[in-house]
$ cat data_8.txt   # compact mmCIF, C-alpha atoms
# COMPACT_ATOMS: atom_id res chain seq x y z
CA MET M 1 1.18 11.33 22.87
CA ILE M 2 -0.33 11.41 19.40
CA ASN M 3 -2.36 14.47 18.45
CA LEU M 4 -5.58 13.51 16.65
CA GLU M 5 -5.29 16.40 14.18
CA ALA M 6 -3.02 16.54 11.14
CA PRO M 7 0.13 18.56 11.94
CA LYS M 8 0.08 22.16 10.70
CA LYS M 9 3.36 21.76 8.84
CA ALA M 10 1.72 19.10 6.64
CA GLY M 11 -0.96 21.55 5.52
CA ALA M 12 0.82 22.59 2.32
CA LEU M 13 1.48 18.97 1.35
CA ILE M 14 -2.14 17.97 1.99
CA ASN M 15 -3.41 20.90 -0.06
CA GLN M 16 -1.05 20.15 -2.97
CA ALA M 17 -2.03 16.47 -2.97
CA TYR M 18 -5.71 17.38 -2.89
CA GLN M 19 -5.33 19.80 -5.78
CA ALA M 20 -3.55 17.16 -7.84
CA ALA M 21 -6.29 14.64 -7.03
CA ALA M 22 -9.10 17.05 -7.86
CA GLU M 23 -7.62 18.70 -10.96
CA VAL M 24 -5.74 15.80 -12.56
CA PHE M 25 -6.78 12.40 -11.17
CA ARG M 26 -10.55 12.88 -11.01
CA PRO M 27 -10.95 14.20 -14.60
CA ILE M 28 -9.07 11.21 -16.09
CA SER M 29 -10.27 8.57 -13.62
CA ARG M 30 -13.01 7.12 -15.82
CA LYS M 31 -10.81 7.37 -18.94
CA TYR M 32 -8.14 5.02 -17.64
CA ASP M 33 -10.64 2.75 -15.91
CA ARG M 34 -12.03 2.04 -19.39
CA ALA M 35 -8.64 2.05 -21.15
CA GLU M 36 -7.13 -0.73 -19.03
CA HIS M 37 -3.39 -1.38 -19.58
CA THR M 38 -2.87 2.07 -21.12
CA TYR M 39 -0.16 3.99 -19.26
CA PRO M 40 -1.48 7.36 -17.95
CA ALA M 41 1.05 9.74 -19.49
CA GLU M 42 -0.34 12.58 -17.37
CA LEU M 43 1.42 11.06 -14.35
CA ASP M 44 4.96 11.77 -15.51
CA MET M 45 4.87 15.37 -14.31
CA PHE M 46 3.60 14.40 -10.85
CA ALA M 47 6.13 11.63 -10.51
CA ALA M 48 8.90 14.21 -11.00
CA LEU M 49 7.26 16.45 -8.36
CA LEU M 50 7.13 13.60 -5.84
CA ASP M 51 10.76 12.78 -6.53
CA GLY M 52 11.63 16.32 -5.48
CA LEU M 53 9.48 16.17 -2.34
CA ASN M 54 10.94 12.84 -1.25
CA SER M 55 14.55 13.87 -1.92
CA SER M 56 14.01 16.99 0.18
CA GLY M 57 13.06 14.81 3.14
CA GLU M 58 9.54 16.21 3.36
CA GLY M 59 7.89 13.10 1.96
CA GLY M 60 4.93 13.06 -0.38
CA ALA M 61 2.23 10.75 -1.61
CA GLY M 62 4.60 7.99 -2.61
CA ALA M 63 6.53 5.09 -1.18
CA ALA M 64 9.00 5.57 1.66
CA GLY M 65 10.87 3.22 3.91
CA VAL M 66 10.87 2.74 7.66
CA ARG M 67 14.53 3.25 8.58
CA ARG M 68 15.74 3.32 12.17
CA SER M 69 19.28 4.00 13.32
CA ALA M 70 21.06 3.89 16.67
CA SER M 71 20.78 7.68 16.98
CA ASP M 72 16.99 7.40 16.66
CA LYS M 73 16.79 5.72 20.05
CA GLU M 74 18.56 8.65 21.68
CA GLU M 75 16.27 11.33 20.24
CA LYS M 76 13.56 12.66 22.52
CA GLY M 77 10.25 14.38 21.90
CA ASN M 78 7.41 14.06 19.41
CA ARG M 79 8.21 13.87 15.73
CA ASN M 80 5.92 14.13 12.70
CA GLY M 81 8.02 12.93 9.79
CA ALA M 82 8.03 11.32 6.37
CA ASN M 83 5.84 8.34 7.28
CA LEU M 84 2.96 10.52 8.46
CA ASN M 85 3.40 12.84 5.48
CA VAL M 86 3.23 9.92 3.06
CA VAL M 87 0.03 8.65 4.68
CA LEU M 88 -1.64 12.08 4.64
CA GLY M 89 -0.64 12.68 1.03
CA THR M 90 -1.78 9.22 -0.03
CA ILE M 91 -5.22 9.75 1.48
CA GLU M 92 -5.69 12.89 -0.60
CA MET M 93 -4.37 11.36 -3.82
CA CYS M 94 -6.58 8.28 -3.46
CA TRP M 95 -9.56 10.51 -2.92
CA GLY M 96 -8.83 11.29 -6.56
CA ASP M 97 -8.03 7.79 -7.87
CA VAL M 98 -6.23 4.90 -6.21
CA GLY M 99 -5.42 3.13 -9.48
CA LEU M 100 -3.64 6.22 -10.80
CA LEU M 101 -1.63 6.57 -7.59
CA LEU M 102 -0.53 2.94 -7.90
CA SER M 103 0.64 3.79 -11.43
CA MET M 104 2.95 6.58 -10.31
CA PRO M 105 6.55 5.97 -11.49
CA ARG M 106 9.13 5.38 -8.75
CA GLN M 107 6.45 5.14 -6.06
CA GLY M 108 5.96 1.37 -6.07
CA LEU M 109 5.79 -0.95 -3.07
CA GLY M 110 9.20 -2.23 -4.08
CA ASN M 111 10.53 1.26 -3.44
CA ALA M 112 9.21 1.00 0.12
CA ALA M 113 11.04 -2.31 0.51
CA ILE M 114 14.30 -0.80 -0.71
CA GLY M 115 13.79 2.20 1.57
CA SER M 116 13.22 -0.08 4.57
CA VAL M 117 15.96 -2.70 4.38
CA ALA M 118 18.58 -1.61 1.80
CA THR M 119 22.07 -0.60 2.84
CA ASP M 120 23.19 2.99 2.32
CA GLU M 121 25.15 1.91 -0.75
CA GLN M 122 22.10 0.16 -2.20
CA LEU M 123 19.91 3.17 -1.51
CA GLU M 124 22.28 5.30 -3.55
CA ARG M 125 22.60 2.74 -6.36
CA PHE M 126 18.86 2.16 -6.72
CA SER M 127 17.95 5.84 -6.39
CA GLY M 128 15.55 6.95 -9.11
CA MET M 129 14.48 3.39 -9.93
CA TRP M 130 10.81 2.36 -10.11
CA ALA M 131 10.53 -0.92 -8.21
CA ALA M 132 7.57 -3.29 -7.96
CA MET M 133 7.18 -5.95 -5.24
CA ALA M 134 6.87 -9.68 -6.09
CA ILE M 135 5.84 -11.95 -3.20
CA THR M 136 2.72 -13.98 -4.06
CA GLU M 137 3.07 -17.24 -6.00
CA PRO M 138 0.58 -19.63 -7.65
CA ALA M 139 0.85 -22.01 -4.67
CA PHE M 140 0.27 -19.47 -1.88
CA GLY M 141 -1.31 -16.14 -1.09
CA SER M 142 -1.17 -14.67 2.40
CA ASP M 143 1.39 -17.06 3.90
CA SER M 144 4.55 -15.19 2.93
CA ALA M 145 6.66 -17.85 4.63
CA ALA M 146 5.60 -20.34 1.95
CA VAL M 147 7.83 -18.72 -0.69
CA SER M 148 9.09 -21.40 -3.08
CA THR M 149 11.04 -19.24 -5.54
CA THR M 150 14.68 -20.21 -5.00
CA ALA M 151 17.91 -18.22 -5.02
CA ARG M 152 21.15 -20.19 -5.34
CA LEU M 153 24.53 -18.51 -4.97
CA ASP M 154 26.78 -19.15 -7.97
CA GLY M 155 30.00 -17.14 -7.83
CA ASP M 156 29.15 -13.43 -7.87
CA HIS M 157 25.49 -14.00 -8.73
CA TYR M 158 22.34 -15.52 -7.27
CA VAL M 159 20.39 -17.72 -9.68
CA LEU M 160 16.62 -17.24 -9.25
CA ASN M 161 13.98 -19.74 -10.32
CA GLY M 162 10.23 -19.41 -9.76
CA GLU M 163 7.03 -17.61 -10.68
CA LYS M 164 5.28 -14.62 -9.11
CA ILE M 165 1.68 -13.52 -9.58
CA PHE M 166 -0.38 -10.39 -8.85
CA VAL M 167 2.63 -8.07 -9.10
CA THR M 168 1.48 -4.44 -9.06
CA SER M 169 3.35 -2.43 -11.73
CA GLY M 170 5.09 -5.64 -12.72
CA GLU M 171 5.13 -4.71 -16.40
CA ARG M 172 5.87 -0.98 -16.16
CA ALA M 173 8.41 -0.84 -13.31
CA ASP M 174 12.17 -0.67 -13.92
CA ALA M 175 12.88 -3.47 -11.43
CA VAL M 176 11.15 -5.91 -9.12
CA VAL M 177 11.94 -6.73 -5.48
CA VAL M 178 11.60 -10.52 -5.49
CA TRP M 179 11.18 -12.66 -2.37
CA ALA M 180 13.08 -15.95 -2.68
CA THR M 181 14.48 -18.59 -0.36
CA LEU M 182 18.16 -19.41 -0.03
CA ASP M 183 17.42 -22.78 1.58
CA LYS M 184 13.91 -24.28 1.83
CA SER M 185 15.00 -26.60 4.65
CA LYS M 186 15.71 -23.61 6.93
CA GLY M 187 12.21 -22.14 6.67
CA ARG M 188 11.37 -18.48 7.10
CA ALA M 189 14.88 -17.39 8.06
CA ALA M 190 16.20 -18.25 4.59
CA ILE M 191 13.75 -15.90 2.79
CA LYS M 192 15.49 -12.86 1.33
CA SER M 193 14.55 -10.09 -1.09
CA PHE M 194 16.43 -9.36 -4.30
CA VAL M 195 16.30 -6.40 -6.67
CA VAL M 196 15.94 -7.81 -10.19
CA GLU M 197 16.20 -5.22 -12.95
CA LYS M 198 14.21 -5.40 -16.17
CA GLY M 199 16.21 -6.81 -19.05
CA THR M 200 18.01 -9.34 -16.85
CA PRO M 201 18.27 -12.64 -18.82
CA GLY M 202 15.82 -15.20 -17.48
CA PHE M 203 13.34 -12.56 -16.27
CA GLU M 204 10.06 -12.63 -18.22
CA VAL M 205 6.74 -10.78 -17.92
CA VAL M 206 4.33 -13.61 -18.77
CA ARG M 207 1.09 -11.62 -18.95
CA VAL M 208 -0.82 -8.62 -17.60
CA GLU M 209 -4.09 -9.38 -15.81
CA HIS M 210 -7.57 -8.00 -16.50
CA LYS M 211 -9.06 -6.83 -13.20
CA LEU M 212 -12.25 -5.83 -11.39
CA GLY M 213 -10.84 -2.54 -10.06
CA ILE M 214 -7.73 -0.33 -10.02
CA ARG M 215 -7.71 -0.88 -13.78
CA ALA M 216 -5.37 2.06 -14.43
CA SER M 217 -2.66 0.07 -12.62
CA ASP M 218 -1.02 -2.93 -14.30
CA THR M 219 -0.89 -6.26 -12.47
CA ALA M 220 1.47 -8.85 -13.95
CA VAL M 221 2.61 -12.46 -13.78
CA LEU M 222 6.42 -12.80 -13.74
CA ARG M 223 8.67 -15.80 -14.35
CA PHE M 224 12.31 -16.29 -13.37
CA GLU M 225 14.21 -19.07 -15.11
CA ASN M 226 17.90 -19.35 -14.25
CA CYS M 227 17.84 -15.58 -13.77
CA ARG M 228 21.30 -14.40 -12.68
CA VAL M 229 21.20 -11.48 -10.24
CA PRO M 230 24.35 -9.78 -8.86
CA LYS M 231 24.84 -10.78 -5.23
CA GLU M 232 25.06 -7.08 -4.36
CA ASN M 233 21.33 -6.87 -5.20
CA LEU M 234 20.32 -8.92 -2.16
CA LEU M 235 18.67 -6.48 0.27
CA GLY M 236 19.96 -6.69 3.82
CA THR M 237 22.30 -9.43 4.99
CA PRO M 238 22.84 -12.77 3.19
CA GLU M 239 23.33 -14.61 6.49
CA ILE M 240 20.55 -17.01 7.53
CA ASP M 241 19.71 -16.20 11.15
CA THR M 242 17.20 -18.77 12.39
CA ALA M 243 16.78 -16.88 15.67
CA LYS M 244 15.73 -13.69 13.92
CA GLY M 245 13.64 -15.41 11.29
CA PHE M 246 12.70 -13.26 8.32
CA ALA M 247 12.08 -10.10 10.31
CA GLY M 248 14.25 -8.14 7.90
CA VAL M 249 12.05 -8.61 4.85
CA MET M 250 8.88 -8.45 6.95
CA GLN M 251 9.94 -5.01 8.21
CA THR M 252 8.76 -3.68 4.84
CA PHE M 253 5.16 -4.29 5.90
CA ASP M 254 5.53 -1.93 8.86
CA ASN M 255 5.44 0.80 6.24
CA THR M 256 3.40 -0.57 3.35
CA ARG M 257 0.40 -1.69 5.41
CA PRO M 258 -0.31 1.82 6.75
CA LEU M 259 0.20 3.03 3.17
CA VAL M 260 -2.47 0.64 1.84
CA ALA M 261 -4.71 1.60 4.77
CA ALA M 262 -4.29 5.23 3.69
CA MET M 263 -5.34 4.27 0.16
CA ALA M 264 -8.48 2.68 1.57
CA ILE M 265 -9.25 5.77 3.64
CA GLY M 266 -8.93 7.99 0.57
CA VAL M 267 -11.37 5.85 -1.41
CA ALA M 268 -13.79 5.65 1.54
CA ARG M 269 -13.79 9.43 1.94
CA ALA M 270 -14.39 9.91 -1.77
CA ALA M 271 -17.44 7.62 -1.57
CA LEU M 272 -18.77 9.39 1.53
CA ASP M 273 -18.31 12.86 0.01
CA GLU M 274 -20.15 11.85 -3.17
CA THR M 275 -22.94 10.16 -1.21
CA ARG M 276 -23.40 13.20 1.01
CA GLU M 277 -23.92 15.39 -2.06
CA ILE M 278 -26.42 12.96 -3.61
CA LEU M 279 -28.40 12.56 -0.39
CA THR M 280 -28.46 16.31 0.20
CA ALA M 281 -29.72 16.91 -3.35
CA ALA M 282 -32.45 14.33 -2.71
CA GLY M 283 -33.58 16.24 0.41
CA VAL M 284 -32.08 13.88 3.01
CA ALA M 285 -30.66 16.00 5.84
CA ILE M 286 -27.68 14.67 7.83
CA ASP M 287 -27.78 16.24 11.29
CA TYR M 288 -24.87 15.70 13.68
CA ASP M 289 -26.77 17.24 16.61
CA ARG M 290 -29.70 14.81 16.61
CA PRO M 291 -29.83 11.14 17.67
CA VAL M 292 -29.64 8.84 14.65
CA ASN M 293 -32.92 7.11 15.56
CA THR M 294 -34.78 10.39 14.96
CA GLN M 295 -33.35 10.90 11.47
CA HIS M 296 -34.02 9.56 7.99
CA ALA M 297 -32.82 5.94 7.67
CA ALA M 298 -30.33 6.93 4.93
CA ALA M 299 -28.91 9.69 7.14
CA ALA M 300 -28.57 7.31 10.09
CA GLU M 301 -26.72 4.79 7.92
CA PHE M 302 -24.45 7.51 6.55
CA LEU M 303 -23.50 8.60 10.07
CA ARG M 304 -22.64 5.02 10.99
CA LEU M 305 -20.41 4.70 7.93
CA GLU M 306 -18.71 7.98 8.72
CA ALA M 307 -17.91 6.83 12.27
CA ASP M 308 -16.37 3.65 10.83
CA TYR M 309 -14.26 5.79 8.50
CA GLU M 310 -13.03 7.97 11.38
CA SER M 311 -11.84 5.00 13.43
CA ALA M 312 -9.87 3.59 10.47
CA TYR M 313 -8.37 7.03 9.81
CA LEU M 314 -7.12 7.43 13.38
CA LEU M 315 -5.65 3.92 13.49
CA THR M 316 -3.72 4.65 10.30
CA LEU M 317 -2.34 7.94 11.57
CA GLU M 318 -1.26 6.21 14.77
CA SER M 319 0.71 3.52 12.91
CA ALA M 320 2.53 6.11 10.78
CA TRP M 321 3.20 8.37 13.78
CA MET M 322 4.72 5.43 15.67
CA ALA M 323 7.12 4.76 12.81
CA ASP M 324 8.18 8.41 12.83
CA ASN M 325 8.73 8.27 16.59
CA ARG M 326 10.92 5.17 16.67
CA LYS M 327 8.24 2.91 18.15
CA PRO M 328 7.60 -0.69 16.97
CA ASN M 329 4.41 -0.48 14.93
CA SER M 330 3.82 -3.98 13.51
CA LEU M 331 0.67 -4.47 15.62
CA GLN M 332 -0.73 -1.05 14.79
CA ALA M 333 0.15 -1.42 11.08
CA SER M 334 -1.85 -4.65 10.87
CA MET M 335 -4.73 -3.16 12.90
CA ALA M 336 -4.89 -0.16 10.55
CA LYS M 337 -4.75 -2.32 7.43
CA ALA M 338 -7.43 -4.71 8.75
CA LYS M 339 -9.80 -1.95 9.84
CA ALA M 340 -9.37 0.29 6.79
CA GLY M 341 -9.56 -2.61 4.33
CA ARG M 342 -12.79 -3.94 5.80
CA SER M 343 -14.30 -0.48 6.23
CA VAL M 344 -13.67 0.77 2.69
CA VAL M 345 -15.42 -2.25 1.16
CA GLU M 346 -18.49 -1.83 3.36
CA ILE M 347 -18.56 1.95 2.95
CA ALA M 348 -18.25 1.85 -0.84
CA LEU M 349 -20.90 -0.83 -1.27
CA LYS M 350 -23.29 0.84 1.20
CA CYS M 351 -22.86 4.16 -0.59
CA VAL M 352 -23.89 2.48 -3.85
CA GLU M 353 -26.88 1.02 -2.01
CA LEU M 354 -27.88 4.37 -0.50
CA THR M 355 -27.69 6.30 -3.76
CA GLY M 356 -29.42 3.84 -6.06
CA ALA M 357 -28.79 3.19 -9.76
CA TYR M 358 -26.50 6.08 -10.67
CA GLY M 359 -24.30 3.88 -12.85
CA GLU M 360 -21.51 5.67 -14.68
CA GLU M 361 -23.02 9.07 -13.95
CA SER M 362 -21.11 8.80 -10.69
CA LEU M 363 -17.72 7.32 -9.80
CA LEU M 364 -19.33 5.45 -6.90
CA GLU M 365 -19.57 2.18 -8.83
CA LYS M 366 -15.88 2.44 -9.77
CA TRP M 367 -14.86 3.08 -6.16
CA ALA M 368 -16.87 0.02 -5.10
CA ARG M 369 -14.80 -2.05 -7.57
CA ASP M 370 -11.52 -0.40 -6.54
CA ALA M 371 -12.21 -0.96 -2.84
CA LYS M 372 -12.03 -4.75 -2.76
CA ILE M 373 -8.33 -5.05 -3.59
CA LEU M 374 -7.50 -2.77 -0.65
CA ASP M 375 -8.79 -5.46 1.68
CA ILE M 376 -6.69 -8.13 -0.08
CA PHE M 377 -3.20 -7.04 -1.10
CA GLU M 378 -0.39 -6.43 1.39
CA GLY M 379 -2.00 -9.15 3.52
CA THR M 380 -5.67 -10.12 3.48
CA GLN M 381 -8.21 -9.23 6.16
CA GLN M 382 -7.84 -12.71 7.61
CA ILE M 383 -4.04 -12.64 7.84
CA GLN M 384 -4.12 -9.19 9.48
CA GLN M 385 -6.48 -10.45 12.17
CA LEU M 386 -4.19 -13.44 12.73
CA ILE M 387 -1.16 -11.15 13.14
CA VAL M 388 -3.06 -8.93 15.56
CA ALA M 389 -4.10 -11.96 17.61
CA ARG M 390 -0.49 -13.22 17.76
CA ARG M 391 0.79 -9.82 18.92
CA ILE M 392 -1.87 -9.37 21.60
CA LEU M 393 -1.68 -12.94 22.92
CA GLY M 394 2.10 -13.16 22.66
CA LYS M 395 1.95 -16.23 20.43
CA SER M 396 4.37 -17.24 17.69
CA SER M 397 3.29 -18.21 14.19
CA ALA M 398 3.84 -21.86 15.12
CA GLU M 399 1.65 -21.54 18.21
CA LEU M 400 -1.22 -19.70 16.52
CA LYS M 401 -1.97 -20.61 12.90
$ encode --input "data_8.txt" --output "structure tokens"
Amino acid sequence: MINLEAPKKAGALINQAYQAAAEVFRPISRKYDRAEHTYPAELDMFAALLDGLNSSGEGGAGAAGVRRSASDKEEKGNRNGANLNVVLGTIEMCWGDVGLLLSMPRQGLGNAAIGSVATDEQLERFSGMWAAMAITEPAFGSDSAAVSTTARLDGDHYVLNGEKIFVTSGERADAVVVWATLDKSKGRAAIKSFVVEKGTPGFEVVRVEHKLGIRASDTAVLRFENCRVPKENLLGTPEIDTAKGFAGVMQTFDNTRPLVAAMAIGVARAALDETREILTAAGVAIDYDRPVNTQHAAAAEFLRLEADYESAYLLTLESAWMADNRKPNSLQASMAKAKAGRSVVEIALKCVELTGAYGEESLLEKWARDAKILDIFEGTQQIQQLIVARRILGKSSAELK
């Protein structure tokens, strides 16, 4: 059974991540929010530190994959592993700045995809690479099965053609994990992911977007025109299994959705901590021993927001713990992402409302802008609720749209 407290052995990691957030991320947060598209050079040192943590098997505040082997099924007992560590570290780092965390080299969502579905040989070959993830296209958003980018086998290479939008770290990363279809007529089962390295002929970064929030992180539009990718760069198996569908590439989300939920929790806690200080300074007492209807209206609202935060936090820990303990966590991953994404937007906006016109004297307005993307990318609020409904009702995507 899951313990509702963070494991003691994660204490050092949590403390280190918090110190990095407080001493490095917070002081430069406003700087890189204003200097959009400027790479935060201060991150290089922390990226090297995370590389060491991840290679040691302890995990950190970066991307990791959900990998399960036959021996996993035979292991008994409770296990708190890399997935839970990554979530706990991410919460602390995003308390500092979520845009800066998304800018960390070699910690992209593409790295999580490689970690989840790559072969052992591919893991070794792509080790040390910073990989972005390219799924969304101009013609679709949340419906990942609608991928129209094509991959045609030609000798020892796949030829990719298509366009991807809203690619986080698309300009800065060393490579991009691209979702493409081998055969449109065979639907979801033909969708595969390919590692496309920068500098590959036919691969172009079209532009970098200007954004509402997470402005320290670059978001790019990519184009692939007769882009030849070695067939060894296809992640997983090239066979089209219509019975299995595209469960292989979708397995990535079992890990990345709790990761994005953790980002949302970090931002929500930052907003609550700041709001508590402002309310306290204004003479508004928040009393946990009194009924909310006997307290100041601002205090009552704060307590409601804090309860919402706690529920999202526990759902996220559960989804990561399940991955560590060899349990299918697709339902819980979507529940955590849906709850945390919705909660962080409401919490951040309500905190701005409760504290009044602080403007740039506080980071609250920035967190309110950063929060919205956390309810959108890695599957919108609406698509998460649809997935949850399918899992609970036992319906397929064809039966429940």
$ residues_around --input "data_8.txt" --residues "Ala17 (chain M)" --least-positions-apart "6" --cutoff "7 Å" --atoms "all atoms listed in the file" --output "list in words"
Gly89, Glu92 and Met93 of chain M
$ closest_residue --input "data_8.txt" --among "M:Met104, M:Ala41, M:Leu84, M:Trp179" --to "Ile28 (chain M)" --atoms "all atoms listed in the file"
M:Ala41
$ atom_distance --input "data_8.txt" --atom1 "CA of Leu354 (chain M)" --atom2 "CA of Asp308 (chain M)"
16.2 Å
$ closest_residue --input "data_8.txt" --among "M:Ser144, M:Thr150, M:Ser29, M:Asn293" --to "Leu364 (chain M)" --atoms "all atoms listed in the file"
M:Ser29
$ closest_residue --input "data_8.txt" --among "M:Pro40, M:Thr280, M:Arg30, M:Val221" --to "Glu360 (chain M)" --atoms "all atoms listed in the file"
M:Arg30
$ closest_residue --input "data_8.txt" --among "M:Lys184, M:Lys372, M:Arg172, M:His37" --to "His210 (chain M)" --atoms "all atoms listed in the file"
M:His37
$ residues_around --input "data_8.txt" --residues "region 378-394 of chain M" --least-positions-apart "5" --cutoff "8 Å" --atoms "all atoms listed in the file" --output "JSON, numbers by chain"
{"M": [142, 253, 256, 257, 260, 331, 334, 335, 337, 338, 341, 342, 400, 401]}
$ write_last_selection --input "data_8.txt" --atoms "C-alpha atoms" --output "PDB file, keeping the file's coordinate frame"
ATOM      1  CA  SER M 142      -1.170 -14.670   2.400  1.00  0.00           C
ATOM      2  CA  PHE M 253       5.160  -4.290   5.900  1.00  0.00           C
ATOM      3  CA  THR M 256       3.400  -0.570   3.350  1.00  0.00           C
ATOM      4  CA  ARG M 257       0.400  -1.690   5.410  1.00  0.00           C
ATOM      5  CA  VAL M 260      -2.470   0.640   1.840  1.00  0.00           C
ATOM      6  CA  LEU M 331       0.670  -4.470  15.620  1.00  0.00           C
ATOM      7  CA  SER M 334      -1.850  -4.650  10.870  1.00  0.00           C
ATOM      8  CA  MET M 335      -4.730  -3.160  12.900  1.00  0.00           C
ATOM      9  CA  LYS M 337      -4.750  -2.320   7.430  1.00  0.00           C
ATOM     10  CA  ALA M 338      -7.430  -4.710   8.750  1.00  0.00           C
ATOM     11  CA  GLY M 341      -9.560  -2.610   4.330  1.00  0.00           C
ATOM     12  CA  ARG M 342     -12.790  -3.940   5.800  1.00  0.00           C
ATOM     13  CA  LEU M 400      -1.220 -19.700  16.520  1.00  0.00           C
ATOM     14  CA  LYS M 401      -1.970 -20.610  12.900  1.00  0.00           C
TER      15      LYS M 401
END
$ atom_distance --input "data_8.txt" --atom1 "CA of Gln122 (chain M)" --atom2 "CA of Gly81 (chain M)"
22.5 Å
$ closest_residue --input "data_8.txt" --among "M:Ala262, M:Ile91, M:Val352, M:Val196" --to "Leu160 (chain M)" --atoms "all atoms listed in the file"
M:Val196
$ closest_residue --input "data_8.txt" --among "M:Leu153, M:Thr38, M:Gly170, M:Ala12" --to "Gly110 (chain M)" --atoms "all atoms listed in the file"
M:Gly170
$ atom_distance --input "data_8.txt" --atom1 "CA of Ala151 (chain M)" --atom2 "CA of Phe377 (chain M)"
24.2 Å
$ residues_around --input "data_8.txt" --residues "Val178 (chain M)" --least-positions-apart "4" --cutoff "7 Å" --atoms "only C-alpha atoms" --output "PyMOL selection string"
chain M and resi 133-135+193-196
$ residues_near_point --input "data_8.txt" --point "(-2.3, 2.8, 8.0)" --cutoff "12 Å" --atoms "only C-alpha atoms" --output "ChimeraX atom specification"
/M:83-88,90-91,253-266,311-323,329-341,374,378
$ residues_around --input "data_8.txt" --residues "Pro105 (chain M)" --least-positions-apart "5" --cutoff "8 Å" --atoms "only C-alpha atoms" --output "ChimeraX atom specification"
/M:43-44,47,130,173
$ residues_around --input "data_8.txt" --residues "Arg152 (chain M)" --least-positions-apart "4" --cutoff "9 Å" --atoms "all atoms listed in the file" --output "ChimeraX atom specification"
/M:157-161,181-183
$ write_last_selection --input "data_8.txt" --atoms "C-alpha atoms" --output "compact mmCIF listing (two decimals), in the frame of the given file"
# COMPACT_ATOMS: atom_id res chain seq x y z
CA HIS M 157 25.49 -14.00 -8.73
CA TYR M 158 22.34 -15.52 -7.27
CA VAL M 159 20.39 -17.72 -9.68
CA LEU M 160 16.62 -17.24 -9.25
CA ASN M 161 13.98 -19.74 -10.32
CA THR M 181 14.48 -18.59 -0.36
CA LEU M 182 18.16 -19.41 -0.03
CA ASP M 183 17.42 -22.78 1.58
$ residues_near_point --input "data_8.txt" --point "(-32.9, 14.5, -2.7)" --cutoff "12 Å" --atoms "all atoms listed in the file" --output "list of chain:residue names"
M:Thr275, M:Arg276, M:Glu277, M:Ile278, M:Leu279, M:Thr280, M:Ala281, M:Ala282, M:Gly283, M:Val284, M:Ala285, M:Ile286, M:His296, M:Ala298, M:Ala299, M:Leu354, M:Thr355, M:Gly356
$ write_last_selection --input "data_8.txt" --atoms "C-alpha atoms" --output "short mmCIF file (atom, residue, chain, number, x, y, z; two decimals), keeping the file's coordinate frame"
data_model
loop_
_atom_site.label_atom_id
_atom_site.label_comp_id
_atom_site.auth_asym_id
_atom_site.auth_seq_id
_atom_site.Cartn_x
_atom_site.Cartn_y
_atom_site.Cartn_z
CA THR M 275 -22.94 10.16 -1.21
CA ARG M 276 -23.40 13.20 1.01
CA GLU M 277 -23.92 15.39 -2.06
CA ILE M 278 -26.42 12.96 -3.61
CA LEU M 279 -28.40 12.56 -0.39
CA THR M 280 -28.46 16.31 0.20
CA ALA M 281 -29.72 16.91 -3.35
CA ALA M 282 -32.45 14.33 -2.71
CA GLY M 283 -33.58 16.24 0.41
CA VAL M 284 -32.08 13.88 3.01
CA ALA M 285 -30.66 16.00 5.84
CA ILE M 286 -27.68 14.67 7.83
CA HIS M 296 -34.02 9.56 7.99
CA ALA M 298 -30.33 6.93 4.93
CA ALA M 299 -28.91 9.69 7.14
CA LEU M 354 -27.88 4.37 -0.50
CA THR M 355 -27.69 6.30 -3.76
CA GLY M 356 -29.42 3.84 -6.06
#
$ decode --input "data_8.txt" --residues "region 10-16 of chain M" --atoms "N, CA, C and O atoms" --output "mmCIF file, in the first residue's frame"
data_model
loop_
_atom_site.group_PDB
_atom_site.id
_atom_site.type_symbol
_atom_site.label_atom_id
_atom_site.label_comp_id
_atom_site.auth_asym_id
_atom_site.auth_seq_id
_atom_site.Cartn_x
_atom_site.Cartn_y
_atom_site.Cartn_z
ATOM 1 N N ALA M 10 14.453 9.718 0.007
ATOM 2 C CA ALA M 10 14.378 10.786 -0.993
ATOM 3 C C ALA M 10 14.638 12.159 -0.383
ATOM 4 O O ALA M 10 14.665 13.158 -1.105
ATOM 5 N N GLY M 11 14.860 12.191 0.929
ATOM 6 C CA GLY M 11 15.035 13.471 1.613
ATOM 7 C C GLY M 11 16.181 14.307 1.071
ATOM 8 O O GLY M 11 16.047 15.518 0.861
ATOM 9 N N ALA M 12 17.327 13.665 0.826
ATOM 10 C CA ALA M 12 18.494 14.398 0.321
ATOM 11 C C ALA M 12 18.215 14.967 -1.072
ATOM 12 O O ALA M 12 18.563 16.116 -1.370
ATOM 13 N N LEU M 13 17.580 14.164 -1.925
ATOM 14 C CA LEU M 13 17.241 14.624 -3.273
ATOM 15 C C LEU M 13 16.294 15.815 -3.220
ATOM 16 O O LEU M 13 16.493 16.816 -3.916
ATOM 17 N N ILE M 14 15.249 15.711 -2.386
ATOM 18 C CA ILE M 14 14.278 16.800 -2.270
ATOM 19 C C ILE M 14 14.961 18.070 -1.787
ATOM 20 O O ILE M 14 14.718 19.167 -2.316
ATOM 21 N N ASN M 15 15.834 17.946 -0.808
ATOM 22 C CA ASN M 15 16.533 19.109 -0.274
ATOM 23 C C ASN M 15 17.441 19.740 -1.329
ATOM 24 O O ASN M 15 17.485 20.977 -1.479
ATOM 25 N N GLN M 16 18.174 18.911 -2.078
ATOM 26 C CA GLN M 16 19.062 19.429 -3.116
ATOM 27 C C GLN M 16 18.273 20.148 -4.210
ATOM 28 O O GLN M 16 18.670 21.214 -4.683
#
